[in-house]
$ cat model-v3.txt   # compact mmCIF, C-alpha atoms
# COMPACT_ATOMS: atom_id res chain seq x y z
CA LYS A 1 13.07 9.05 -6.45
CA LEU A 2 10.99 5.92 -5.82
CA SER A 3 7.94 7.41 -7.57
CA GLU A 4 10.01 8.18 -10.67
CA MET A 5 11.50 4.67 -10.60
CA PHE A 6 8.03 3.16 -10.41
CA ILE A 7 6.74 5.27 -13.30
CA GLU A 8 9.73 4.19 -15.41
CA SER A 9 9.08 0.54 -14.48
CA VAL A 10 5.45 0.81 -15.62
CA ALA A 11 6.65 2.20 -18.95
CA SER A 12 9.35 -0.46 -19.43
CA PRO A 13 8.23 -3.74 -17.80
CA VAL A 14 10.48 -6.81 -17.74
CA ALA A 15 8.63 -10.01 -18.67
CA PRO A 16 8.61 -12.83 -16.08
CA LEU A 17 10.77 -15.89 -16.60
CA ILE A 18 9.26 -19.40 -16.41
CA THR A 19 11.56 -21.85 -14.68
CA GLU A 20 11.54 -25.42 -13.38
CA ASP A 21 14.23 -24.60 -10.84
CA ALA A 22 11.93 -23.45 -8.04
CA PRO A 23 13.27 -23.19 -4.47
CA CYS A 24 9.67 -22.79 -3.28
CA GLN A 25 9.01 -26.41 -4.30
CA GLU A 26 11.93 -28.06 -2.53
CA ASN A 27 9.30 -29.61 -0.24
CA VAL A 28 5.76 -30.50 -1.34
CA LEU A 29 2.90 -31.40 1.03
CA ASP A 30 -0.21 -32.44 -0.92
CA LYS A 31 -1.79 -35.00 1.44
CA ASN A 32 -3.15 -34.70 4.98
CA ILE A 33 -2.81 -30.93 4.81
CA ASP A 34 -2.93 -29.11 8.14
CA ILE A 35 -2.20 -25.42 7.73
CA LEU A 36 -1.70 -24.57 11.39
CA LYS A 37 0.57 -27.57 12.00
CA THR A 38 2.68 -26.58 8.99
CA LEU A 39 2.87 -22.79 9.32
CA PRO A 40 3.33 -20.59 12.45
CA VAL A 41 0.26 -18.45 11.70
CA MET A 42 -0.06 -15.67 14.26
CA THR A 43 -2.96 -14.34 16.29
CA HIS A 44 -1.98 -10.67 16.50
CA THR A 45 -3.88 -9.36 19.53
CA PRO A 46 -5.92 -10.88 22.40
CA MET A 47 -9.06 -9.39 20.78
CA ASP A 48 -8.54 -11.22 17.48
CA ILE A 49 -10.71 -14.04 16.27
CA GLY A 50 -7.67 -16.27 15.73
CA PRO A 51 -4.74 -16.98 13.38
CA VAL A 52 -4.59 -14.76 10.27
CA ILE A 53 -2.12 -15.03 7.37
CA THR A 54 -1.09 -11.43 6.66
CA GLY A 55 2.03 -11.92 4.51
CA GLY A 56 0.41 -14.02 1.80
CA VAL A 57 0.40 -12.52 -1.71
CA VAL A 58 -2.33 -13.91 -3.95
CA MET A 59 -1.18 -14.37 -7.55
CA VAL A 60 -3.76 -14.88 -10.29
CA LYS A 61 -3.23 -15.29 -14.00
CA TYR A 62 -5.28 -13.08 -16.28
CA PRO A 63 -7.16 -14.98 -19.00
CA GLU A 64 -5.68 -14.15 -22.41
CA GLU A 65 -9.05 -12.75 -23.50
CA MET A 66 -8.85 -10.13 -20.71
CA ALA A 67 -5.15 -9.31 -20.89
CA GLY A 68 -4.26 -9.66 -24.55
CA ASP A 69 -1.36 -12.00 -23.84
CA ASP A 70 -0.77 -15.32 -22.13
CA LEU A 71 1.56 -14.26 -19.30
CA SER A 72 -0.21 -11.49 -17.40
CA PHE A 73 -0.55 -11.71 -13.65
CA ASN A 74 -2.02 -9.74 -10.78
CA LEU A 75 -0.69 -9.65 -7.23
CA SER A 76 -2.74 -8.66 -4.19
CA TYR A 77 -3.08 -8.93 -0.43
CA HIS A 78 -6.29 -10.25 1.14
CA ARG A 79 -7.60 -11.20 4.56
CA LEU A 80 -6.78 -14.91 5.05
CA TYR A 81 -8.15 -16.66 8.14
CA ALA A 82 -6.74 -20.08 9.01
CA GLY A 83 -8.84 -20.93 12.05
CA ARG A 84 -11.94 -22.53 10.53
CA ALA A 85 -10.46 -25.81 9.23
CA SER A 86 -7.19 -27.64 8.69
CA ASP A 87 -7.17 -27.54 4.89
CA TRP A 88 -9.01 -24.38 3.83
CA LEU A 89 -8.88 -20.63 4.44
CA THR A 90 -11.38 -17.83 4.30
CA LEU A 91 -10.37 -15.17 1.78
CA ALA A 92 -11.96 -11.73 2.14
CA SER A 93 -11.38 -9.14 -0.57
CA LEU A 94 -12.19 -5.44 -0.81
CA TYR A 95 -14.70 -4.57 -3.52
CA ASN A 96 -12.18 -2.63 -5.64
CA ARG A 97 -9.63 -5.30 -6.47
CA HIS A 98 -8.48 -6.56 -9.86
CA PHE A 99 -8.60 -10.00 -8.25
CA LEU A 100 -12.41 -9.82 -8.38
CA ASP A 101 -12.40 -8.97 -12.10
CA VAL A 102 -10.70 -12.30 -12.80
CA LEU A 103 -12.95 -14.14 -10.34
CA HIS A 104 -16.12 -12.89 -12.05
CA TYR A 105 -14.68 -13.86 -15.46
CA HIS A 106 -14.19 -17.49 -14.38
CA LYS A 107 -17.45 -17.66 -12.41
CA LYS A 108 -19.48 -16.42 -15.38
CA ARG A 109 -18.08 -19.26 -17.47
CA GLY A 110 -18.47 -21.92 -14.77
CA GLU A 111 -14.71 -22.42 -14.62
CA GLU A 112 -12.52 -23.17 -11.63
CA TYR A 113 -10.57 -20.25 -10.16
CA PRO A 114 -7.12 -21.66 -9.30
CA LEU A 115 -4.50 -19.47 -7.67
CA THR A 116 -1.51 -19.49 -5.37
CA ILE A 117 -0.74 -17.64 -2.13
CA ASN A 118 2.95 -16.76 -1.92
CA ILE A 119 4.80 -15.90 1.30
CA GLY A 120 8.30 -14.45 1.68
CA LEU A 121 8.94 -12.31 -1.42
CA SER A 122 11.22 -9.56 -2.70
CA PRO A 123 10.32 -5.94 -1.82
CA SER A 124 9.25 -5.14 -5.39
CA LEU A 125 6.66 -7.93 -5.38
CA ASN A 126 5.28 -6.85 -2.01
CA ILE A 127 5.00 -3.27 -3.30
CA LEU A 128 2.98 -4.34 -6.34
CA ALA A 129 0.73 -6.55 -4.21
CA ALA A 130 0.01 -3.65 -1.86
CA GLY A 131 -0.86 -1.26 -4.70
CA GLY A 132 -4.33 -2.65 -5.22
CA THR A 133 -6.52 0.46 -5.13
CA LEU A 134 -7.10 0.66 -8.88
CA PRO A 135 -4.67 3.53 -9.39
CA GLN A 136 -4.64 5.36 -12.69
CA ILE A 137 -1.01 4.46 -13.30
CA ARG A 138 -1.86 0.73 -13.66
CA PRO A 139 -5.59 0.70 -14.42
CA LYS A 140 -5.85 -2.97 -15.38
CA GLY A 141 -3.35 -4.35 -12.85
CA LYS A 142 -2.43 -7.08 -15.33
CA ASP A 143 1.32 -6.62 -15.59
CA ASP A 144 2.37 -6.68 -11.96
CA LEU A 145 5.21 -9.14 -12.54
CA GLY A 146 6.59 -7.08 -15.42
CA VAL A 147 6.58 -3.89 -13.35
CA ALA A 148 8.12 -5.71 -10.38
CA GLY A 149 10.83 -7.13 -12.63
CA ALA A 150 11.74 -3.68 -13.93
CA LEU A 151 11.69 -2.24 -10.41
CA GLN A 152 14.11 -4.86 -9.09
CA GLY A 153 16.26 -4.95 -12.23
CA SER A 154 15.73 -8.63 -13.10
CA PRO A 155 12.89 -10.85 -14.34
CA VAL A 156 10.53 -12.32 -11.74
CA ARG A 157 10.90 -16.10 -11.84
CA ILE A 158 7.67 -18.12 -11.89
CA CYS A 159 6.87 -21.82 -12.11
CA LYS A 160 3.85 -24.05 -12.57
CA ALA A 161 2.00 -25.04 -9.41
CA ARG A 162 2.06 -28.74 -8.54
CA THR A 163 -1.66 -29.41 -7.94
CA VAL A 164 -3.67 -26.70 -9.76
CA ASP A 165 -3.54 -24.96 -13.13
CA ALA A 166 -1.81 -21.86 -11.84
CA PHE A 167 1.64 -20.32 -11.44
CA CYS A 168 3.54 -19.44 -8.30
CA LEU A 169 6.55 -17.27 -7.50
CA ALA A 170 9.56 -19.57 -7.82
CA ASP A 171 11.70 -17.78 -5.24
CA ALA A 172 9.02 -17.52 -2.55
CA GLU A 173 9.69 -19.09 0.82
CA ILE A 174 6.26 -20.77 1.09
CA VAL A 175 3.37 -21.31 -1.35
CA LEU A 176 -0.22 -22.39 -0.71
CA GLU A 177 -1.84 -23.82 -3.83
CA GLY A 178 -5.58 -24.12 -4.25
CA LYS A 179 -8.80 -22.76 -5.72
CA ILE A 180 -11.71 -20.52 -4.81
CA LEU A 181 -14.98 -22.41 -4.22
CA TYR A 182 -17.62 -20.08 -5.67
CA GLY A 183 -20.62 -21.83 -4.18
CA GLU A 184 -19.49 -21.45 -0.61
CA ARG A 185 -19.46 -17.98 0.91
CA VAL A 186 -18.55 -18.80 4.49
CA TYR A 187 -18.38 -16.87 7.73
CA GLU A 188 -14.95 -16.03 9.09
CA TYR A 189 -16.11 -17.39 12.42
CA ASP A 190 -18.18 -20.34 13.62
CA LYS A 191 -21.69 -18.92 14.02
CA GLU A 192 -22.86 -21.94 15.98
CA SER A 193 -20.20 -21.77 18.69
CA GLN A 194 -19.77 -17.96 18.63
CA LYS A 195 -23.32 -16.70 19.07
CA THR A 196 -23.01 -13.00 19.77
CA GLU A 197 -25.17 -9.92 19.19
CA ARG A 198 -22.56 -8.53 16.80
CA PRO A 199 -19.79 -10.18 14.75
CA PRO A 200 -16.58 -10.84 16.69
CA TYR A 201 -13.47 -8.71 16.19
CA PHE A 202 -11.23 -10.10 13.47
CA PHE A 203 -7.76 -8.49 13.61
CA PRO A 204 -6.12 -5.03 13.34
CA GLU A 205 -6.92 -3.54 9.94
CA PHE A 206 -4.81 -1.04 7.98
CA MET A 207 -7.09 1.85 8.97
CA GLY A 208 -6.15 1.48 12.63
CA TYR A 209 -9.34 -0.17 13.84
CA GLU A 210 -9.91 -3.72 15.05
CA GLY A 211 -11.72 -5.18 12.06
CA MET A 212 -14.97 -7.15 12.29
CA ALA A 213 -15.46 -10.70 11.05
CA GLY A 214 -17.94 -11.31 8.25
CA LYS A 215 -18.49 -13.47 5.18
CA ALA A 216 -15.71 -14.42 2.77
CA PHE A 217 -14.75 -16.73 -0.06
CA LYS A 218 -13.64 -20.25 0.76
CA PHE A 219 -10.14 -21.11 -0.50
CA GLN A 220 -9.50 -24.85 -0.65
CA VAL A 221 -5.81 -25.60 -0.14
CA THR A 222 -4.58 -28.44 -2.35
CA ALA A 223 -0.86 -28.25 -1.48
CA ILE A 224 1.69 -26.42 0.65
CA THR A 225 5.18 -26.14 -0.84
CA HIS A 226 8.22 -24.51 0.70
CA ARG A 227 11.98 -24.13 0.70
CA HIS A 228 14.24 -26.07 3.01
CA SER A 229 14.10 -24.19 6.35
CA PRO A 230 11.81 -21.43 5.08
CA TYR A 231 11.11 -18.23 6.94
CA TYR A 232 7.53 -17.17 7.56
CA VAL A 233 6.52 -13.53 7.04
CA SER A 234 3.65 -11.97 8.97
CA GLN A 235 3.18 -8.26 8.35
CA MET A 236 1.09 -6.14 10.69
CA ALA A 237 -1.73 -4.47 8.76
CA ASP A 238 -2.06 -1.68 11.34
CA SER A 239 1.56 -0.57 11.07
CA VAL A 240 4.11 1.69 9.39
CA GLU A 241 5.15 -1.36 7.36
CA SER A 242 1.72 -1.69 5.81
CA SER A 243 1.40 2.07 5.20
CA ASN A 244 4.78 2.25 3.49
CA LEU A 245 4.01 -0.68 1.19
CA GLY A 246 0.66 0.76 0.15
CA ALA A 247 2.05 4.25 -0.34
CA VAL A 248 4.57 3.46 -3.09
CA VAL A 249 2.08 2.85 -5.91
CA SER A 250 -0.32 5.50 -4.59
CA GLU A 251 2.40 8.16 -4.43
CA ALA A 252 3.65 7.26 -7.89
CA SER A 253 0.11 7.60 -9.25
CA VAL A 254 -0.33 11.07 -7.75
CA TYR A 255 3.20 12.10 -8.76
CA ASN A 256 2.57 11.04 -12.36
CA ALA A 257 -0.79 12.82 -12.60
CA CYS A 258 0.43 16.07 -11.02
CA LYS A 259 3.72 16.16 -12.95
CA ASN A 260 1.83 15.78 -16.22
CA LEU A 261 -0.55 18.57 -15.28
CA ALA A 262 1.90 21.17 -13.98
CA PRO A 263 5.55 20.16 -14.46
CA ASP A 264 6.87 23.61 -13.52
CA SER A 265 4.72 24.08 -10.41
CA PHE A 266 4.49 20.59 -8.92
CA ILE A 267 7.49 19.68 -6.75
CA ASN A 268 6.71 16.44 -4.92
CA CYS A 269 4.09 14.50 -2.98
CA HIS A 270 4.11 12.25 0.06
CA ILE A 271 1.69 9.99 1.90
CA LEU A 272 2.23 10.38 5.65
CA ASN A 273 2.02 7.23 7.77
CA CYS A 274 -1.19 8.48 9.38
CA MET A 275 -2.78 8.48 5.90
CA ARG A 276 -2.52 4.68 5.82
CA GLY A 277 -0.94 4.25 2.42
CA ILE A 278 -3.97 5.07 0.27
CA LEU A 279 -6.31 7.48 2.07
CA GLY A 280 -4.51 10.84 1.89
CA VAL A 281 -1.62 12.70 0.29
CA VAL A 282 0.35 15.90 0.82
CA ILE A 283 1.25 17.77 -2.38
CA GLN A 284 4.06 20.33 -2.50
CA CYS A 285 4.03 23.01 -5.18
CA LYS A 286 5.28 26.49 -6.03
CA THR A 287 3.66 29.42 -7.84
CA ASN A 288 6.09 30.99 -10.29
CA HIS A 289 3.83 33.78 -11.57
CA ILE A 290 0.55 35.48 -10.78
CA LEU A 291 -0.93 33.75 -13.85
CA GLU A 292 -0.40 30.38 -12.11
CA THR A 293 -2.86 31.32 -9.38
CA GLY A 294 -5.21 28.39 -8.86
CA ILE A 295 -2.75 25.71 -9.94
CA SER A 296 -3.05 24.17 -6.46
CA GLN A 297 -6.73 23.41 -7.14
CA GLY A 298 -5.78 21.75 -10.41
CA LEU A 299 -3.29 19.56 -8.57
CA ILE A 300 -6.00 18.53 -6.10
CA SER A 301 -8.24 17.44 -8.99
CA ALA A 302 -5.35 15.55 -10.60
CA ALA A 303 -4.64 13.72 -7.34
CA PHE A 304 -8.26 12.65 -6.88
CA GLY A 305 -8.24 11.35 -10.43
CA ALA A 306 -5.06 9.37 -9.80
CA PHE A 307 -6.66 6.62 -7.73
CA ARG A 308 -10.12 5.82 -6.50
CA ASN A 309 -9.66 5.46 -2.75
CA LEU A 310 -7.97 8.80 -2.11
CA LYS A 311 -10.01 10.55 0.58
CA PHE A 312 -8.00 13.62 1.61
CA VAL A 313 -5.57 15.96 -0.19
CA VAL A 314 -3.63 18.84 1.35
CA VAL A 315 -1.52 21.19 -0.78
CA VAL A 316 1.43 23.08 0.74
CA ASP A 317 4.05 25.56 -0.46
CA GLU A 318 7.69 24.72 -1.16
CA ASP A 319 8.78 25.90 2.32
CA VAL A 320 6.75 23.19 4.10
CA ASP A 321 8.35 19.81 4.84
CA ILE A 322 5.92 17.24 3.43
CA TYR A 323 7.66 14.44 5.35
CA ASP A 324 7.02 16.12 8.72
CA PRO A 325 3.43 15.79 10.03
CA GLU A 326 3.98 18.70 12.44
CA ASP A 327 5.04 21.05 9.66
CA VAL A 328 2.02 20.03 7.59
CA LEU A 329 -0.23 20.69 10.60
CA TRP A 330 1.50 24.06 11.00
CA ALA A 331 0.49 24.96 7.45
CA LEU A 332 -3.06 23.71 8.06
CA THR A 333 -3.28 25.86 11.19
CA LEU A 334 -1.61 29.06 10.03
CA ARG A 335 -2.23 29.19 6.30
CA THR A 336 -5.84 28.04 5.99
CA LYS A 337 -9.05 30.02 5.82
CA PRO A 338 -11.61 27.21 6.25
CA ASP A 339 -14.44 29.02 4.44
CA ARG A 340 -12.18 29.60 1.43
CA ASP A 341 -9.63 26.77 1.36
CA ILE A 342 -11.58 23.61 2.25
CA ASN A 343 -13.48 21.76 -0.48
CA ILE A 344 -15.82 18.82 0.09
CA ILE A 345 -16.90 16.35 -2.62
CA LYS A 346 -20.00 14.28 -1.82
CA LYS A 347 -21.11 10.96 -3.34
CA ALA A 348 -17.53 10.16 -4.28
CA GLY A 349 -17.44 6.46 -3.36
CA LEU A 350 -18.95 3.53 -1.50
CA GLY A 351 -19.39 3.20 2.26
CA ASP A 352 -18.86 5.57 5.17
CA LEU A 353 -15.11 5.78 4.60
CA PHE A 354 -15.05 6.62 0.89
CA GLU A 355 -18.35 8.38 0.12
CA THR A 356 -16.95 11.87 0.85
CA ARG A 357 -13.64 13.38 -0.25
CA TRP A 358 -12.14 16.63 0.97
CA SER A 359 -9.16 18.85 0.37
CA VAL A 360 -7.35 21.77 1.99
CA ASP A 361 -5.34 24.32 0.02
CA THR A 362 -2.79 25.90 2.38
CA THR A 363 -0.79 27.69 -0.31
CA VAL A 364 -0.11 31.40 0.19
CA PRO A 365 -1.58 33.64 -2.54
CA PHE A 366 1.15 34.79 -4.92
CA GLY A 367 0.80 38.45 -4.01
CA ASN A 368 1.23 37.70 -0.31
CA LYS A 369 4.35 35.55 -0.53
CA TRP A 370 6.53 38.33 0.86
CA ARG A 371 4.44 38.37 4.04
CA ALA A 372 4.81 34.63 4.67
CA VAL A 373 8.61 34.21 4.79
CA ARG A 374 9.80 31.65 7.34
CA PRO A 375 12.92 32.50 9.42
CA LYS A 376 16.38 31.03 8.88
CA TYR A 377 19.04 30.97 11.61
CA LYS A 378 22.80 30.79 11.31
CA GLU A 379 24.36 27.46 12.10
CA VAL A 380 26.22 27.31 15.43
CA ASP A 381 28.83 24.72 16.37
CA ILE A 382 27.63 23.71 19.81
CA ARG A 383 31.06 22.27 20.58
CA GLU A 384 32.32 25.84 20.86
CA ILE A 385 29.90 26.42 23.75
CA LEU A 386 29.54 23.11 25.59
CA GLU A 387 31.97 20.42 26.66
CA SER A 388 31.50 17.03 25.06
CA PRO A 389 29.47 15.33 27.87
CA GLU A 390 27.15 18.34 28.18
CA MET A 391 26.73 18.56 24.42
CA GLU A 392 25.81 14.88 24.14
CA LYS A 393 23.28 15.25 26.94
CA ALA A 394 21.76 18.37 25.32
CA VAL A 395 21.44 16.64 21.97
CA SER A 396 19.91 13.54 23.56
CA LEU A 397 17.24 15.67 25.23
CA MET A 398 16.13 17.26 21.96
CA SER A 399 12.71 16.10 20.83
CA GLU A 400 12.31 14.80 17.31
CA SER A 401 10.19 17.87 16.62
CA SER A 402 13.11 20.13 17.63
CA ARG A 403 15.49 18.21 15.40
CA ARG A 404 13.18 18.60 12.41
CA TYR A 405 12.75 22.31 13.13
CA ALA A 406 16.52 22.74 13.21
CA ARG A 407 16.95 20.95 9.91
CA ARG A 408 14.37 23.24 8.28
CA HIS A 409 15.40 26.60 9.70
CA ILE A 410 19.20 26.56 10.00
CA ILE A 411 21.43 28.00 7.29
CA LYS A 412 24.34 25.61 6.87
CA LYS A 413 27.85 27.02 7.08
CA GLU A 414 29.98 26.85 3.96
CA PRO A 415 32.37 23.87 4.19
$ encode --input "model-v3.txt" --output "C-alpha cells"
Amino acid sequence: KLSEMFIESVASPVAPLITEDAPCQENVLDKNIDILKTLPVMTHTPMDIGPVITGGVVMVKYPEEMAGDDLSFNLSYHRLYAGRASDWLTLASLYNRHFLDVLHYHKKRGEEYPLTINIGLSPSLNILAAGGTLPQIRPKGKDDLGVAGALQGSPVRICKARTVDAFCLADAEIVLEGKILYGERVYEYDKESQKTERPPYFFPEFMGYEGMAGKAFKFQVTAITHRHSPYYVSQMADSVESSNLGAVVSEASVYNACKNLAPDSFINCHILNCMRGILGVVIQCKTNHILETGISQGLISAAFGAFRNLKFVVVVDEDVDIYDPEDVLWALTLRTKPDRDINIIKKAGLGDLFETRWSVDTTVPFGNKWRAVRPKYKEVDIREILESPEMEKAVSLMSESSRRYARRHIIKKEP
C-alpha cells in the first residue's frame, strides 16, 4: 500500500510550517568549528578514505522564479567527506539531481548557494531525500516537504538557519549550515600526500562497489546546531536500508505509470534489494483475454518512462511472488525464451551503468496458461505427526527458501 499512499501524498501535499520553536537549534556552534570534534563521523571500512557523513539530508530552497511559490524545497542525499578540513566538507552529487538545477540557477546569477544539511529525520523525509532519480511522479522535485507532510500526516516544521539565508528542518537532531563555494572544485583526497596511480577508494556505494574518490564541490560550514543530547545517524549506502529508502519513490513511480496504462492487467511491482533501490523492478500482471496479448511489453515501456535511472525490468505472471528473488529467478529460468523475450535498448543514458537498458518478459502466452499451472498442496498440521521438540527442530532446520515455497504452494485449511 505504500506506493498508493505516496501517490496520494503527491496529489494532496501538506504545506510546511515555519516555526521559531526549533529543537535542532537548542545548541548553536558558529565559532571555532571542528566537524570531527563535534560529530562522531564514521569511517565505514578499512579501505575507505576516511570519515563520511552518510545520514545528512541536504535541503535547498527553490527560487520563486523556478518553483512558482516562495516555500518550495528539495531534499537529497549526497556524498559528504569530512576528512579534508575542520570546517568544510566535500559534497559530491550525481549528475541527475534537482539539487544541481538550483545550483546552476544561483551560479548563473553570481549568487551565493546557501543550504543546510540535516541529520536525524522522520522516515517520510528520508524517503523523499532518497527519491532523487528524477522520477516521473515528481518531475521537478520542488515539493518534497509537502509530500513528506502528507505522507506522515502532519506538516513538516521548518525554521530559518542562524548563519545563512536558508531553512532547516526544525525537528532534526543535528544541522550543518553553510554554502557551496562555486569557484573551488576540490579533490576528495589530498593529492599531495596521497600520490597514487589511481584515485583512492572512497567508501561503499549503493551499487555494492567500493567507490572511488574524485572531485567535488566545497561546502563551507558556517554553523553546527543540534538538540540537547542529539543522536547521530549514519546509514550504510551499500545496505538493505539504503535500497529500501530509494525504492519507495521508484516503486511508486512505476506503480503509477503501469496502473494508468493497464489498470485491469497490472497487479503490483516491487524493487528487490539486489536492484539497489533504483536500478531494476519486477512487475506482476495478468492477461484476462487473448486481446490483451502484449500488455506486458506495454508495462515495460511504462516502467522505463517512469524514471530515468531504471536499468532492468522483468515482468512475471500473477502466480510468481515478486517479493521472493528465488521465485523471480525461477520464472526467468523456466518461462523465458531469450531470443524472444529479452529486449535491449542502447544509448539510453550516460556512463557504463546507464547507457543500456534491458527487459525480460517471463509471462506465459494466454493460450498456454493451462500448461503452466503451478501445484498446490493440502495443508498438514505437523503437530499430528511429530512431538513438540521434534517439530520445533524440524521447523528450525527449514531454509528460508523452503518457508517461502510452503507459503506459495500450500492450500490453507478452512478455519
$ closest_residue --input "model-v3.txt" --among "A:Glu64, A:Asp48, A:Glu26, A:Asp361" --to "Ser229 in chain A" --atoms "all atoms listed in the file"
A:Glu26
$ closest_atom_pairs --input "model-v3.txt" --of "range 216-295 of chain A" --to "range 323-345 of chain A" --cutoff "10 Å" --atoms "all atoms listed in the file" --output "tab-separated table"
residue	atom	partner	partner_atom	distance
A:Cys269	CA	A:Tyr323	CA	9.1
A:His270	CA	A:Tyr323	CA	6.7
A:Ile271	CA	A:Tyr323	CA	8.2
A:Leu272	CA	A:Tyr323	CA	6.8
A:Asn273	CA	A:Pro325	CA	9.0
A:Cys274	CA	A:Pro325	CA	8.7
A:Val282	CA	A:Val328	CA	8.1
$ residues_near_point --input "model-v3.txt" --point "(12.6, -3.9, -12.5)" --cutoff "10 Å" --atoms "all atoms listed in the file" --output "ChimeraX atom specification"
/A:5-6,8-10,12-15,124,145-156
$ atom_distance --input "model-v3.txt" --atom1 "CA of Glu65 in chain A" --atom2 "CA of Val221 in chain A"
26.9 Å
$ residues_around --input "model-v3.txt" --residues "Asp381 in chain A" --least-positions-apart "2" --cutoff "12 Å" --atoms "only C-alpha atoms" --output "compact mmCIF listing (two decimals) with C-alpha atoms, in the coordinates of the input"
# COMPACT_ATOMS: atom_id res chain seq x y z
CA LYS A 378 22.80 30.79 11.31
CA GLU A 379 24.36 27.46 12.10
CA ARG A 383 31.06 22.27 20.58
CA GLU A 384 32.32 25.84 20.86
CA ILE A 385 29.90 26.42 23.75
CA LEU A 386 29.54 23.11 25.59
CA GLU A 387 31.97 20.42 26.66
CA SER A 388 31.50 17.03 25.06
CA MET A 391 26.73 18.56 24.42
CA ILE A 410 19.20 26.56 10.00
CA LYS A 412 24.34 25.61 6.87
CA LYS A 413 27.85 27.02 7.08
$ atom_distance --input "model-v3.txt" --atom1 "CA of Thr43 in chain A" --atom2 "CA of Leu121 in chain A"
21.4 Å
$ residues_around --input "model-v3.txt" --residues "Pro40 in chain A" --least-positions-apart "2" --cutoff "10 Å" --atoms "all atoms listed in the file" --output "PyMOL selection string"
chain A and resi 35-38+42-43+51+53+231-234
$ closest_atom_pairs --input "model-v3.txt" --of "range 17-80 of chain A" --to "range 162-183 of chain A" --cutoff "8 Å" --atoms "all atoms listed in the file" --output "tab-separated table"
residue	atom	partner	partner_atom	distance
A:Thr19	CA	A:Ala170	CA	7.5
A:Asp21	CA	A:Ala170	CA	7.5
A:Ala22	CA	A:Ala170	CA	4.6
A:Pro23	CA	A:Asp171	CA	5.7
A:Cys24	CA	A:Ala172	CA	5.4
A:Gln25	CA	A:Ala170	CA	7.7
A:Asp30	CA	A:Thr163	CA	7.8
A:Met59	CA	A:Cys168	CA	7.0
A:Val60	CA	A:Ala166	CA	7.4
A:Lys61	CA	A:Ala166	CA	7.1
$ atom_distance --input "model-v3.txt" --atom1 "CA of Thr90 in chain A" --atom2 "CA of Gly56 in chain A"
12.6 Å
$ closest_residue --input "model-v3.txt" --among "A:Phe206, A:Cys258, A:Val315, A:Phe354" --to "Leu245 in chain A" --atoms "all atoms listed in the file"
A:Phe206
$ closest_residue --input "model-v3.txt" --among "A:Gly351, A:Gly110, A:Pro123, A:Gly83" --to "Tyr189 in chain A" --atoms "all atoms listed in the file"
A:Gly83
$ closest_residue --input "model-v3.txt" --among "A:Gly246, A:Glu20, A:Lys286, A:Asn309" --to "Leu353 in chain A" --atoms "all atoms listed in the file"
A:Asn309
